$ cat entry01.txt   # compact mmCIF, C-alpha atoms
# COMPACT_ATOMS: atom_id res chain seq x y z
CA MET A 1 -81.35 -71.25 -14.82
CA ALA A 2 -80.98 -67.94 -16.66
CA LEU A 3 -78.01 -67.03 -14.46
CA ALA A 4 -76.38 -70.39 -15.16
CA ALA A 5 -76.92 -69.91 -18.88
CA SER A 6 -75.42 -66.43 -18.69
CA GLN A 7 -72.38 -67.72 -16.81
CA ALA A 8 -71.96 -70.54 -19.31
CA ALA A 9 -72.10 -68.06 -22.17
CA LYS A 10 -69.47 -65.86 -20.51
CA MET A 11 -67.22 -68.86 -19.90
CA ALA A 12 -67.63 -69.94 -23.53
CA ALA A 13 -66.75 -66.45 -24.74
CA ALA A 14 -63.71 -66.32 -22.45
CA THR A 15 -62.58 -69.74 -23.65
CA ALA A 16 -62.99 -68.73 -27.29
CA ALA A 17 -60.99 -65.55 -26.67
CA ALA A 18 -58.25 -67.54 -24.93
CA LEU A 19 -58.10 -70.02 -27.80
CA SER A 20 -58.00 -67.19 -30.33
CA ASN A 21 -55.15 -65.51 -28.44
CA MET A 22 -53.35 -68.84 -28.16
CA THR A 23 -53.63 -69.26 -31.91
CA LEU A 24 -52.26 -65.75 -32.46
CA VAL A 25 -49.38 -66.41 -30.08
CA ASP A 26 -48.65 -69.66 -31.88
CA GLU A 27 -48.62 -67.89 -35.25
CA TYR A 28 -46.21 -65.20 -34.07
CA THR A 29 -44.01 -67.82 -32.42
CA GLU A 30 -43.78 -69.78 -35.64
CA LEU A 31 -43.14 -66.72 -37.81
CA LEU A 32 -40.50 -65.20 -35.57
CA SER A 33 -38.64 -68.47 -35.07
CA ALA A 34 -38.07 -68.97 -38.81
CA GLU A 35 -34.57 -70.24 -39.41
CA VAL A 36 -33.86 -68.58 -42.78
CA VAL A 37 -36.21 -65.68 -43.60
CA VAL A 38 -38.95 -64.09 -41.51
CA ASP A 39 -42.17 -63.71 -43.51
CA VAL A 40 -42.57 -60.00 -42.82
CA ALA A 41 -45.58 -59.74 -45.15
CA ARG A 42 -47.43 -62.24 -42.96
CA VAL A 43 -46.25 -60.48 -39.82
CA ARG A 44 -47.66 -57.24 -41.24
CA ASP A 45 -50.97 -58.92 -41.96
CA LEU A 46 -51.27 -60.31 -38.44
CA ALA A 47 -50.33 -57.00 -36.82
CA ARG A 48 -52.71 -55.04 -39.02
CA HIS A 49 -55.74 -57.22 -38.34
CA HIS A 50 -55.11 -58.67 -34.89
CA GLY A 51 -52.52 -56.52 -33.19
CA VAL A 52 -49.37 -57.82 -31.52
CA PRO A 53 -49.26 -59.63 -28.16
CA ASP A 54 -47.18 -57.69 -25.65
CA GLU A 55 -44.48 -60.35 -25.44
CA PHE A 56 -43.79 -60.12 -29.19
CA ARG A 57 -44.30 -56.42 -29.82
CA GLY A 58 -40.69 -55.31 -29.56
CA GLU A 59 -39.43 -57.97 -31.94
CA VAL A 60 -42.31 -57.44 -34.37
CA TRP A 61 -41.89 -53.68 -34.45
CA ARG A 62 -38.21 -54.08 -35.37
CA TYR A 63 -39.29 -55.91 -38.53
CA LEU A 64 -42.22 -53.61 -39.32
CA LEU A 65 -40.04 -50.52 -38.99
CA GLY A 66 -37.24 -51.99 -41.09
CA VAL A 67 -34.69 -51.99 -38.28
CA CYS A 68 -34.08 -55.75 -38.32
CA PRO A 69 -33.40 -57.70 -41.54
CA ALA A 70 -35.87 -60.39 -42.54
CA ASP A 71 -32.95 -62.56 -43.70
CA ARG A 72 -31.82 -64.27 -40.51
CA SER A 73 -28.39 -64.98 -41.97
CA HIS A 74 -27.62 -61.26 -41.56
CA GLU A 75 -29.15 -60.95 -38.10
CA VAL A 76 -25.96 -61.09 -36.03
CA SER A 77 -23.93 -58.80 -38.28
CA ALA A 78 -26.79 -56.31 -38.52
CA ALA A 79 -27.17 -56.24 -34.73
CA ARG A 80 -23.44 -55.65 -34.36
CA ALA A 81 -23.60 -52.81 -36.90
CA ARG A 82 -26.49 -51.21 -35.03
CA SER A 83 -24.56 -51.39 -31.76
CA VAL A 84 -21.45 -49.81 -33.29
CA ALA A 85 -23.43 -47.04 -35.02
CA TYR A 86 -25.45 -46.20 -31.92
CA GLU A 87 -22.45 -46.16 -29.59
CA SER A 88 -20.66 -43.91 -32.06
CA LEU A 89 -23.56 -41.47 -32.04
CA CYS A 90 -23.74 -41.49 -28.22
CA THR A 91 -20.00 -40.81 -27.95
CA ALA A 92 -20.19 -37.99 -30.48
CA ALA A 93 -23.25 -36.48 -28.77
CA ALA A 94 -21.40 -36.45 -25.45
CA ALA A 95 -18.30 -34.89 -27.00
CA SER A 96 -20.29 -32.18 -28.79
CA GLY A 97 -22.23 -31.13 -25.70
CA THR A 98 -25.55 -32.29 -27.11
CA ALA A 99 -25.96 -34.90 -24.37
CA ALA A 100 -25.44 -32.36 -21.59
CA TYR A 101 -27.86 -29.96 -23.28
CA CYS A 102 -30.54 -32.66 -23.47
CA ALA A 103 -30.12 -34.17 -20.03
CA LYS A 104 -31.98 -31.62 -17.90
CA LEU A 105 -34.77 -31.02 -20.41
CA VAL A 106 -35.37 -34.70 -21.02
CA ARG A 107 -35.12 -35.72 -17.37
CA GLY A 108 -37.80 -33.26 -16.31
CA GLU A 109 -40.22 -34.31 -19.03
CA VAL A 110 -39.63 -38.01 -18.31
CA ASN A 111 -40.46 -37.38 -14.66
CA ARG A 112 -43.70 -35.70 -15.66
CA TYR A 113 -44.51 -38.60 -17.99
CA LEU A 114 -43.87 -41.11 -15.19
CA ARG A 115 -46.33 -39.28 -12.95
CA ARG A 116 -48.92 -39.06 -15.70
CA VAL A 117 -48.66 -42.66 -16.96
CA PRO A 118 -48.60 -45.05 -13.99
CA GLU A 119 -48.44 -48.20 -16.13
CA PHE A 120 -45.19 -46.98 -17.67
CA ALA A 121 -43.91 -45.98 -14.22
CA GLN A 122 -44.47 -49.55 -13.03
CA LEU A 123 -42.47 -50.92 -15.95
CA ALA A 124 -39.72 -48.38 -15.30
CA GLU A 125 -39.53 -49.22 -11.60
CA ALA A 126 -38.96 -52.88 -12.46
CA VAL A 127 -35.88 -51.90 -14.47
CA GLY A 128 -34.79 -48.91 -12.42
CA LEU A 129 -36.00 -45.34 -12.84
CA ASP A 130 -32.51 -43.89 -13.26
CA ALA A 131 -31.66 -46.43 -15.94
CA VAL A 132 -34.87 -45.66 -17.83
CA ARG A 133 -34.30 -41.90 -17.65
CA ALA A 134 -30.79 -42.45 -18.99
CA VAL A 135 -32.16 -44.34 -22.00
CA PHE A 136 -34.42 -41.40 -22.90
CA GLU A 137 -31.52 -38.97 -22.50
CA ARG A 138 -29.06 -40.95 -24.62
CA VAL A 139 -31.50 -41.79 -27.40
CA ILE A 140 -32.70 -38.21 -27.81
CA ALA A 141 -29.18 -36.80 -27.62
CA ALA A 142 -28.05 -39.28 -30.29
CA TYR A 143 -31.03 -38.37 -32.47
CA LEU A 144 -30.32 -34.64 -32.23
CA HIS A 145 -26.63 -35.17 -32.93
CA SER A 146 -27.43 -37.38 -35.92
CA PHE A 147 -29.64 -34.68 -37.38
CA ALA A 148 -27.03 -32.00 -36.75
CA SER A 149 -24.44 -34.15 -38.52
CA LEU A 150 -26.72 -34.56 -41.53
CA SER A 151 -27.42 -30.83 -41.64
CA SER A 152 -23.71 -30.04 -41.65
CA VAL A 153 -23.20 -32.37 -44.63
CA TYR A 154 -26.39 -31.79 -46.65
CA GLY A 155 -27.62 -28.44 -45.37
CA SER A 156 -31.29 -27.82 -44.75
CA ALA A 157 -32.39 -28.27 -48.36
CA GLY A 158 -35.14 -30.83 -48.56
CA SER A 159 -34.95 -31.73 -44.90
CA GLY A 160 -38.44 -30.40 -44.20
CA SER A 161 -37.32 -29.02 -40.84
CA GLY A 162 -34.27 -26.88 -41.49
CA SER A 163 -30.93 -27.34 -39.78
CA ASP A 164 -32.11 -26.06 -36.39
CA LEU A 165 -34.05 -29.08 -35.15
CA GLU A 166 -34.86 -28.61 -31.48
CA TYR A 167 -35.93 -31.02 -28.80
CA ALA A 168 -39.71 -31.21 -28.34
CA PRO A 169 -41.29 -32.50 -25.09
CA ALA A 170 -43.67 -34.66 -27.16
CA TRP A 171 -40.69 -36.79 -28.19
CA ILE A 172 -40.94 -38.42 -24.75
CA ASN A 173 -44.46 -39.61 -25.62
CA VAL A 174 -43.24 -40.97 -28.96
CA LEU A 175 -40.24 -42.68 -27.39
CA ALA A 176 -42.00 -44.20 -24.36
CA PRO A 177 -43.84 -46.99 -26.27
CA LEU A 178 -40.51 -48.05 -27.78
CA VAL A 179 -38.75 -48.04 -24.41
CA ALA A 180 -41.61 -50.10 -22.99
CA SER A 181 -41.54 -52.65 -25.83
CA LEU A 182 -37.92 -53.15 -26.92
CA ARG A 183 -35.13 -54.88 -25.01
CA GLU A 184 -32.04 -53.33 -26.59
CA GLU A 185 -31.30 -49.62 -26.32
CA ARG A 186 -29.73 -49.58 -29.78
CA ASP A 187 -33.03 -50.86 -31.24
CA VAL A 188 -34.98 -48.26 -29.27
CA TYR A 189 -32.88 -45.61 -31.02
CA PHE A 190 -33.26 -46.96 -34.55
CA CYS A 191 -36.98 -47.59 -34.11
CA PHE A 192 -37.37 -44.04 -32.76
CA GLU A 193 -35.56 -42.71 -35.82
CA ALA A 194 -37.87 -44.74 -38.08
CA VAL A 195 -41.03 -43.57 -36.28
CA MET A 196 -39.95 -39.92 -36.38
CA ARG A 197 -39.22 -40.28 -40.08
CA ARG A 198 -42.76 -41.54 -40.64
CA LEU A 199 -44.26 -38.76 -38.58
CA ASP A 200 -42.15 -36.10 -40.32
CA ALA A 201 -42.96 -37.45 -43.79
CA GLN A 202 -46.61 -36.44 -43.45
CA PHE A 203 -45.54 -32.82 -43.79
CA TYR A 204 -42.91 -32.93 -46.54
CA SER A 205 -45.35 -31.95 -49.27
CA ARG A 206 -47.82 -29.89 -47.24
CA PRO A 207 -47.24 -28.12 -43.91
CA ILE A 208 -49.12 -29.15 -40.81
CA GLY A 209 -51.26 -26.01 -40.94
CA GLN A 210 -52.74 -27.20 -44.22
CA HIS A 211 -53.47 -30.61 -42.71
CA VAL A 212 -55.27 -28.91 -39.82
CA VAL A 213 -57.39 -26.85 -42.23
CA GLU A 214 -58.27 -29.95 -44.29
CA LEU A 215 -59.20 -32.09 -41.31
CA SER A 216 -61.22 -29.24 -39.81
CA ALA A 217 -63.14 -29.00 -43.09
CA LEU A 218 -63.71 -32.75 -42.97
CA LEU A 219 -65.01 -32.49 -39.40
CA ARG A 220 -67.37 -29.67 -40.42
CA SER A 221 -68.74 -31.76 -43.30
CA ALA A 222 -69.04 -35.04 -41.42
CA LEU A 223 -70.17 -33.75 -38.00
CA PRO A 224 -71.69 -30.30 -38.54
CA ASP A 225 -73.50 -30.21 -35.18
CA LEU A 226 -70.35 -31.01 -33.25
CA TYR A 227 -68.29 -28.59 -35.36
CA ASN A 228 -70.77 -25.78 -34.65
CA TYR A 229 -70.83 -26.62 -30.95
CA LEU A 230 -67.04 -26.45 -30.73
CA ASP A 231 -67.19 -23.13 -32.56
CA GLU A 232 -69.80 -21.80 -30.11
CA GLU A 233 -67.59 -22.86 -27.20
CA GLU A 234 -64.65 -21.13 -28.89
CA VAL A 235 -62.58 -24.30 -29.00
CA ASP A 236 -59.95 -23.58 -31.63
CA ALA A 237 -58.74 -26.62 -33.59
CA LYS A 238 -55.23 -25.17 -33.43
CA GLU A 239 -55.22 -25.82 -29.68
CA TRP A 240 -55.47 -29.61 -30.02
CA LEU A 241 -55.50 -30.87 -33.60
CA PRO A 242 -51.83 -30.17 -34.51
CA SER A 243 -50.69 -32.47 -31.71
CA TRP A 244 -53.11 -35.20 -32.84
CA LEU A 245 -51.72 -35.06 -36.36
CA ARG A 246 -48.06 -34.39 -35.60
CA TYR A 247 -47.41 -37.18 -33.12
CA GLY A 248 -49.85 -39.95 -34.06
CA LEU A 249 -51.91 -39.46 -30.84
CA ALA A 250 -48.86 -40.36 -28.75
CA ARG A 251 -49.63 -37.54 -26.31
CA GLU A 252 -53.36 -38.15 -26.08
CA LEU A 253 -54.00 -41.91 -25.91
CA PRO A 254 -53.37 -44.15 -22.90
CA LEU A 255 -50.18 -46.14 -23.41
CA ALA A 256 -51.81 -49.55 -23.95
CA SER A 257 -54.27 -48.09 -26.47
CA LEU A 258 -51.47 -46.31 -28.31
CA LEU A 259 -49.56 -49.59 -28.64
CA ARG A 260 -52.54 -51.19 -30.36
CA LEU A 261 -52.99 -48.27 -32.75
CA TRP A 262 -49.31 -48.21 -33.65
CA ASP A 263 -49.41 -51.94 -34.38
CA VAL A 264 -51.71 -50.99 -37.26
CA TYR A 265 -49.74 -47.94 -38.35
CA PHE A 266 -46.40 -49.73 -38.41
CA ALA A 267 -47.94 -52.69 -40.23
CA ALA A 268 -48.94 -50.52 -43.20
CA ALA A 269 -47.28 -51.94 -46.31
CA PRO A 270 -44.55 -49.83 -47.95
CA THR A 271 -45.81 -47.67 -50.80
CA SER A 272 -42.50 -47.16 -52.59
CA PRO A 273 -42.13 -49.40 -55.66
CA SER A 274 -38.55 -50.13 -54.66
CA SER A 275 -39.38 -51.09 -51.09
CA THR A 276 -38.74 -54.56 -49.76
CA ASP A 277 -38.98 -56.43 -46.49
CA ASP A 278 -35.32 -57.33 -46.32
CA GLY A 279 -34.22 -54.45 -44.13
CA ALA A 280 -31.38 -53.66 -46.50
CA PHE A 281 -30.01 -50.82 -44.37
CA ALA A 282 -30.95 -52.28 -41.00
CA GLY A 283 -28.33 -51.54 -38.41
CA THR A 284 -27.11 -48.22 -39.73
CA SER A 285 -28.24 -44.72 -38.92
CA SER A 286 -29.20 -42.24 -41.60
CA SER A 287 -25.96 -40.42 -40.96
CA ALA A 288 -23.99 -43.61 -41.48
CA THR A 289 -25.72 -44.47 -44.75
CA GLY A 290 -25.55 -40.95 -46.15
CA SER A 291 -29.31 -40.53 -46.50
CA SER A 292 -30.81 -37.27 -45.32
CA ARG A 293 -34.14 -36.87 -43.58
CA GLY A 294 -35.42 -35.19 -46.71
CA GLN A 295 -34.58 -38.35 -48.64
CA ALA A 296 -36.17 -40.76 -46.19
CA ARG A 297 -35.36 -44.43 -46.48
CA ASP A 298 -38.40 -46.55 -47.23
CA LEU A 299 -40.33 -48.28 -44.48
CA ASP A 300 -38.20 -51.38 -44.52
CA GLY A 301 -34.81 -49.81 -44.87
CA GLY A 302 -34.55 -49.61 -48.65
CA SER A 303 -33.76 -46.44 -50.55
CA GLY A 304 -37.27 -45.08 -50.89
CA ASP A 305 -38.69 -41.59 -50.67
CA ALA A 306 -40.88 -39.56 -48.33
CA SER A 307 -44.09 -40.88 -49.90
CA ALA A 308 -43.25 -44.36 -48.66
CA ALA A 309 -42.88 -43.15 -45.09
CA SER A 310 -45.98 -40.95 -45.18
CA GLY A 311 -48.01 -43.86 -46.55
CA ALA A 312 -47.68 -45.55 -43.17
CA LEU A 313 -50.04 -42.92 -41.74
CA ASP A 314 -52.66 -42.81 -44.49
CA LEU A 315 -55.23 -44.02 -41.97
CA HIS A 316 -54.38 -41.48 -39.30
CA PRO A 317 -56.66 -38.57 -40.32
CA PHE A 318 -59.57 -40.99 -40.38
CA VAL A 319 -58.68 -42.34 -36.93
CA CYS A 320 -58.84 -38.73 -35.73
CA LEU A 321 -62.25 -38.31 -37.34
CA ALA A 322 -63.50 -41.63 -35.96
CA ALA A 323 -62.47 -40.49 -32.49
CA MET A 324 -64.60 -37.36 -32.89
CA TYR A 325 -67.57 -39.48 -33.97
CA GLN A 326 -67.26 -41.61 -30.87
CA LEU A 327 -66.75 -38.65 -28.53
CA LYS A 328 -69.50 -36.50 -30.07
CA GLU A 329 -72.19 -36.95 -27.43
CA GLU A 330 -69.80 -36.52 -24.54
CA LEU A 331 -68.16 -33.44 -26.06
CA GLU A 332 -71.52 -31.75 -26.62
CA GLU A 333 -72.19 -31.93 -22.88
CA LEU A 334 -68.97 -30.17 -21.89
CA GLU A 335 -67.76 -26.59 -21.62
CA SER A 336 -64.71 -25.18 -23.38
CA SER A 337 -62.03 -26.05 -20.82
CA GLU A 338 -63.50 -29.51 -20.27
CA ILE A 339 -63.58 -30.15 -24.02
CA LEU A 340 -59.90 -29.31 -24.36
CA ALA A 341 -59.05 -31.49 -21.37
CA LEU A 342 -60.86 -34.45 -22.95
CA LEU A 343 -59.28 -33.91 -26.37
CA ARG A 344 -55.83 -33.82 -24.77
CA ARG A 345 -56.40 -36.98 -22.71
CA LEU A 346 -58.52 -39.32 -24.81
CA PRO A 347 -60.50 -41.94 -22.84
CA PHE A 348 -60.20 -44.85 -25.28
CA LYS A 349 -59.26 -48.12 -23.61
CA PRO A 350 -57.43 -50.96 -25.40
CA ALA A 351 -60.75 -52.78 -25.80
CA ASP A 352 -62.09 -49.74 -27.70
CA MET A 353 -59.30 -49.60 -30.25
CA ASP A 354 -60.44 -52.27 -32.71
CA ASN A 355 -63.81 -50.53 -33.03
CA LEU A 356 -62.10 -47.15 -33.49
CA ILE A 357 -59.69 -48.54 -36.11
CA ASN A 358 -62.46 -50.31 -38.04
CA HIS A 359 -64.55 -47.13 -37.99
CA ALA A 360 -61.58 -45.22 -39.39
CA LYS A 361 -61.11 -47.78 -42.17
CA ASN A 362 -64.78 -47.44 -43.14
CA LEU A 363 -64.45 -43.67 -43.23
CA ARG A 364 -61.42 -43.99 -45.47
CA LEU A 365 -63.32 -46.32 -47.81
CA ASP A 366 -66.13 -43.77 -47.99
CA ALA A 367 -63.64 -41.03 -48.83
CA GLN A 368 -61.99 -43.14 -51.51
CA ALA A 369 -65.35 -44.00 -53.04
CA ALA A 370 -66.31 -40.33 -53.06
CA LEU A 371 -62.99 -39.44 -54.66
CA ALA A 372 -63.52 -42.05 -57.36
CA ARG A 373 -66.92 -40.52 -58.16
CA ASP A 374 -65.64 -36.94 -58.11
CA ASN A 375 -62.53 -37.62 -60.15
CA LYS A 376 -63.84 -40.25 -62.53
CA GLY A 377 -61.60 -40.32 -65.54
CA SER A 378 -58.90 -38.16 -63.93
CA GLY A 379 -55.94 -38.92 -61.70
CA GLY A 380 -54.77 -37.23 -58.54
CA GLY A 381 -53.82 -37.86 -54.96
CA ASN A 382 -51.84 -36.60 -52.05
CA SER A 383 -49.74 -37.71 -49.15
CA LEU A 384 -52.76 -38.49 -47.00
CA GLY A 385 -53.87 -41.10 -49.52
CA THR A 386 -57.07 -39.10 -50.11
CA PRO A 387 -57.10 -35.65 -51.68
CA PRO A 388 -58.64 -32.78 -49.72
CA SER A 389 -61.54 -32.64 -52.22
CA SER A 390 -62.85 -35.91 -50.84
CA TYR A 391 -62.86 -34.55 -47.28
CA ARG A 392 -65.94 -32.53 -48.02
CA THR A 393 -67.98 -35.53 -49.14
CA ILE A 394 -68.04 -37.76 -46.06
CA SER A 395 -71.21 -37.80 -44.04
CA ARG A 396 -72.07 -40.75 -41.87

$ encode --input "entry01.txt" --output "structure tokens"
Amino acid sequence: MALAASQAAKMAAATAAALSNMTLVDEYTELLSAEVVVDVARVRDLARHHGVPDEFRGEVWRYLLGVCPADRSHEVSAARARSVAYESLCTAAAASGTAAYCAKLVRGEVNRYLRRVPEFAQLAEAVGLDAVRAVFERVIAAYLHSFASLSSVYGSAGSGSGSDLEYAPAWINVLAPLVASLREERDVYFCFEAVMRRLDAQFYSRPIGQHVVELSALLRSALPDLYNYLDEEEVDAKEWLPSWLRYGLARELPLASLLRLWDVYFAAAPTSPSSTDDGAFAGTSSSATGSSRGQARDLDGGSGDASAASGALDLHPFVCLAAMYQLKEELEELESSEILALLRRLPFKPADMDNLINHAKNLRLDAQAALARDNKGSGGGNSLGTPPSSYRTISR
């Protein structure tokens, strides 16, 4: 009897989950099939709170990242403009030698990624491994050439990275979720450009070293026992935390878990007052529109500033802290080399991500409440959405 009741309860839960997913699929289907204007605000809300079903993720991310215009009347012309701009970049990258320079470096790192991430390898095999490798090579070569073109026009002033941008192996980890989710190579490129702009924008006002110091101080305040244990084991935050912050956990999380987290990050509403959801510049690269990386377009393609792009990752430091909360007991049982191995390959499954994200949101609320108490009657803020002073006040 008890077994039957348990089975019935499991079946009821499974049915409820299926119905919930069906409702979510129906909502996305309705929103994305709009004839005139896609309600991007509603799409953001759904993605933020419920994630994006795999079959819709590529299309949804194009809207969230400002690559595709919400106004469907411009859809065909915008797609054509994206194709022309991307092909132009690829041709120029080949002519300049950038493509040849990238090919060997990118190919080797893609091969390592394929061995390390079997679920991506399965997707790649269905398309063709050579074809997938070629997408990585062309997109990264086009990205490097686009940056070099901007540097030659604008110089390094305000770019945040100088004119000597170099390929980084972690770009493969950033690019892979886009390759896995999007159908058109041109859209992979423009989404990659938008994601890199968001990642870069975190460090326009303060260098990554300062972020590492601030988050380390937050960890020491919130989890003093774990902080002291890591110190005793001589685990230096500089050996793992910069990658966590710099690339949005793209290198550390399993692919499916990363997709869920980035649904939330990309769904963050634009913070620039001038931002819109019309994708005003969708279909053109930054080099084509004359905007430099130091003058980042807003999250939906409008002419915003770096604060708009960085606002997309306001939650990220708190996701990092929430991860440390949830790994605390396991980490305190490990030795130095094992700790680093775990921090570089996080064990969170897709089913764990909602709990991790909600924990991060609660931590952010705590920090904001502490900031309001500390700074009552005075203004202030920073690109993380919470000034460093509030980092020292969280203790859960």

$ closest_residue --input "entry01.txt" --among "A:Leu64, A:Leu105, A:Leu241, A:Leu321" --to "A:Ile208" --atoms "all atoms listed in the file"
A:Leu241

$ residues_near_point --input "entry01.txt" --point "(-60.0, -26.7, -25.3)" --cutoff "10 Å" --atoms "all atoms listed in the file" --output "number ranges by chain"
A: 230, 233-240, 335-344

$ write_last_selection --input "entry01.txt" --atoms "C-alpha atoms" --output "PDB file, in the coordinates of the input"
ATOM      1  CA  LEU A 230     -67.040 -26.450 -30.730  1.00  0.00           C
ATOM      2  CA  GLU A 233     -67.590 -22.860 -27.200  1.00  0.00           C
ATOM      3  CA  GLU A 234     -64.650 -21.130 -28.890  1.00  0.00           C
ATOM      4  CA  VAL A 235     -62.580 -24.300 -29.000  1.00  0.00           C
ATOM      5  CA  ASP A 236     -59.950 -23.580 -31.630  1.00  0.00           C
ATOM      6  CA  ALA A 237     -58.740 -26.620 -33.590  1.00  0.00           C
ATOM      7  CA  LYS A 238     -55.230 -25.170 -33.430  1.00  0.00           C
ATOM      8  CA  GLU A 239     -55.220 -25.820 -29.680  1.00  0.00           C
ATOM      9  CA  TRP A 240     -55.470 -29.610 -30.020  1.00  0.00           C
ATOM     10  CA  GLU A 335     -67.760 -26.590 -21.620  1.00  0.00           C
ATOM     11  CA  SER A 336     -64.710 -25.180 -23.380  1.00  0.00           C
ATOM     12  CA  SER A 337     -62.030 -26.050 -20.820  1.00  0.00           C
ATOM     13  CA  GLU A 338     -63.500 -29.510 -20.270  1.00  0.00           C
ATOM     14  CA  ILE A 339     -63.580 -30.150 -24.020  1.00  0.00           C
ATOM     15  CA  LEU A 340     -59.900 -29.310 -24.360  1.00  0.00           C
ATOM     16  CA  ALA A 341     -59.050 -31.490 -21.370  1.00  0.00           C
ATOM     17  CA  LEU A 342     -60.860 -34.450 -22.950  1.00  0.00           C
ATOM     18  CA  LEU A 343     -59.280 -33.910 -26.370  1.00  0.00           C
ATOM     19  CA  ARG A 344     -55.830 -33.820 -24.770  1.00  0.00           C
TER      20      ARG A 344
END

$ atom_distance --input "entry01.txt" --atom1 "atom CA of A:Ala250" --atom2 "atom CA of A:Leu218"
21.9 Å

$ closest_atom_pairs --input "entry01.txt" --of "stretch 167-247 of chain A" --to "stretch 252-271 of chain A" --cutoff "10 Å" --atoms "all atoms listed in the file" --output "Markdown table"
| residue | atom | partner | partner_atom | distance |
| --- | --- | --- | --- | --- |
| A:Asn173 | CA | A:Leu255 | CA | 9.0 |
| A:Val174 | CA | A:Leu258 | CA | 9.8 |
| A:Ala176 | CA | A:Leu255 | CA | 8.5 |
| A:Pro177 | CA | A:Leu259 | CA | 6.7 |
| A:Leu178 | CA | A:Leu259 | CA | 9.2 |
| A:Ala180 | CA | A:Leu255 | CA | 9.5 |
| A:Ser181 | CA | A:Leu259 | CA | 9.0 |
| A:Ala194 | CA | A:Phe266 | CA | 9.9 |
| A:Val195 | CA | A:Phe266 | CA | 8.4 |
| A:Arg198 | CA | A:Phe266 | CA | 9.2 |
| A:Trp240 | CA | A:Glu252 | CA | 9.6 |
| A:Ser243 | CA | A:Glu252 | CA | 8.4 |
| A:Trp244 | CA | A:Glu252 | CA | 7.4 |
| A:Tyr247 | CA | A:Glu252 | CA | 9.3 |

$ closest_residue --input "entry01.txt" --among "A:Cys102, A:Cys68, A:Ala323, A:Cys191" --to "A:Asp352" --atoms "all atoms listed in the file"
A:Ala323

$ closest_residue --input "entry01.txt" --among "A:Gly108, A:Arg138, A:Tyr167, A:Ala103" --to "A:Thr91" --atoms "only C-alpha atoms"
A:Arg138

$ atom_distance --input "entry01.txt" --atom1 "atom CA of A:Phe192" --atom2 "atom CA of A:Trp171"
9.2 Å

$ residues_around --input "entry01.txt" --residues "A:Glu27" --least-positions-apart "2" --cutoff "12 Å" --atoms "only C-alpha atoms" --output "list in words"
Ser20, Asn21, Met22, Thr23, Leu24, Val25, Thr29, Glu30, Leu31, Leu32, Ser33, Ala34, Asp39, Arg42, Val43, Asp45, Leu46, Ala47, His50, Val52, Pro53 and Phe56 of chain A

$ atom_distance --input "entry01.txt" --atom1 "atom CA of A:Tyr113" --atom2 "atom CA of A:Ala148"
26.5 Å

$ closest_residue --input "entry01.txt" --among "A:Ala322, A:Glu185, A:Glu193, A:Leu371" --to "A:Leu215" --atoms "only C-alpha atoms"
A:Ala322

$ closest_residue --input "entry01.txt" --among "A:Ala126, A:Ala85, A:Ile172, A:Leu65" --to "A:Glu109" --atoms "all atoms listed in the file"
A:Ile172

$ closest_residue --input "entry01.txt" --among "A:Glu184, A:Glu232, A:Glu214, A:Glu332" --to "A:Glu59" --atoms "all atoms listed in the file"
A:Glu184

$ residues_around --input "entry01.txt" --residues "A:Leu245" --least-positions-apart "6" --cutoff "10 Å" --atoms "only C-alpha atoms" --output "list of chain:residue names"
A:Leu199, A:Gln202, A:Phe203, A:Ile208, A:His211, A:Val212, A:Leu215, A:Leu313, A:His316, A:Pro317, A:Cys320

$ decode --input "entry01.txt" --residues "stretch 353-366 of chain A" --atoms "C-alpha atoms" --output "PDB file, in the first residue's frame"
ATOM      1  CA  MET A 353      20.884  25.280 -10.839  1.00  0.00           C
ATOM      2  CA  ASP A 354      17.542  26.728  -9.736  1.00  0.00           C
ATOM      3  CA  ASN A 355      18.529  26.229  -6.094  1.00  0.00           C
ATOM      4  CA  LEU A 356      21.950  27.800  -6.731  1.00  0.00           C
ATOM      5  CA  ILE A 357      20.423  30.776  -8.565  1.00  0.00           C
ATOM      6  CA  ASN A 358      17.779  31.361  -5.886  1.00  0.00           C
ATOM      7  CA  HIS A 359      20.451  31.178  -3.183  1.00  0.00           C
ATOM      8  CA  ALA A 360      22.469  33.785  -5.084  1.00  0.00           C
ATOM      9  CA  LYS A 361      19.442  36.070  -5.358  1.00  0.00           C
ATOM     10  CA  ASN A 362      18.880  35.834  -1.592  1.00  0.00           C
ATOM     11  CA  LEU A 363      22.523  36.676  -0.956  1.00  0.00           C
ATOM     12  CA  ARG A 364      22.217  39.690  -3.223  1.00  0.00           C
ATOM     13  CA  LEU A 365      19.095  40.843  -1.358  1.00  0.00           C
ATOM     14  CA  ASP A 366      20.986  40.532   1.922  1.00  0.00           C
TER      15      ASP A 366
END
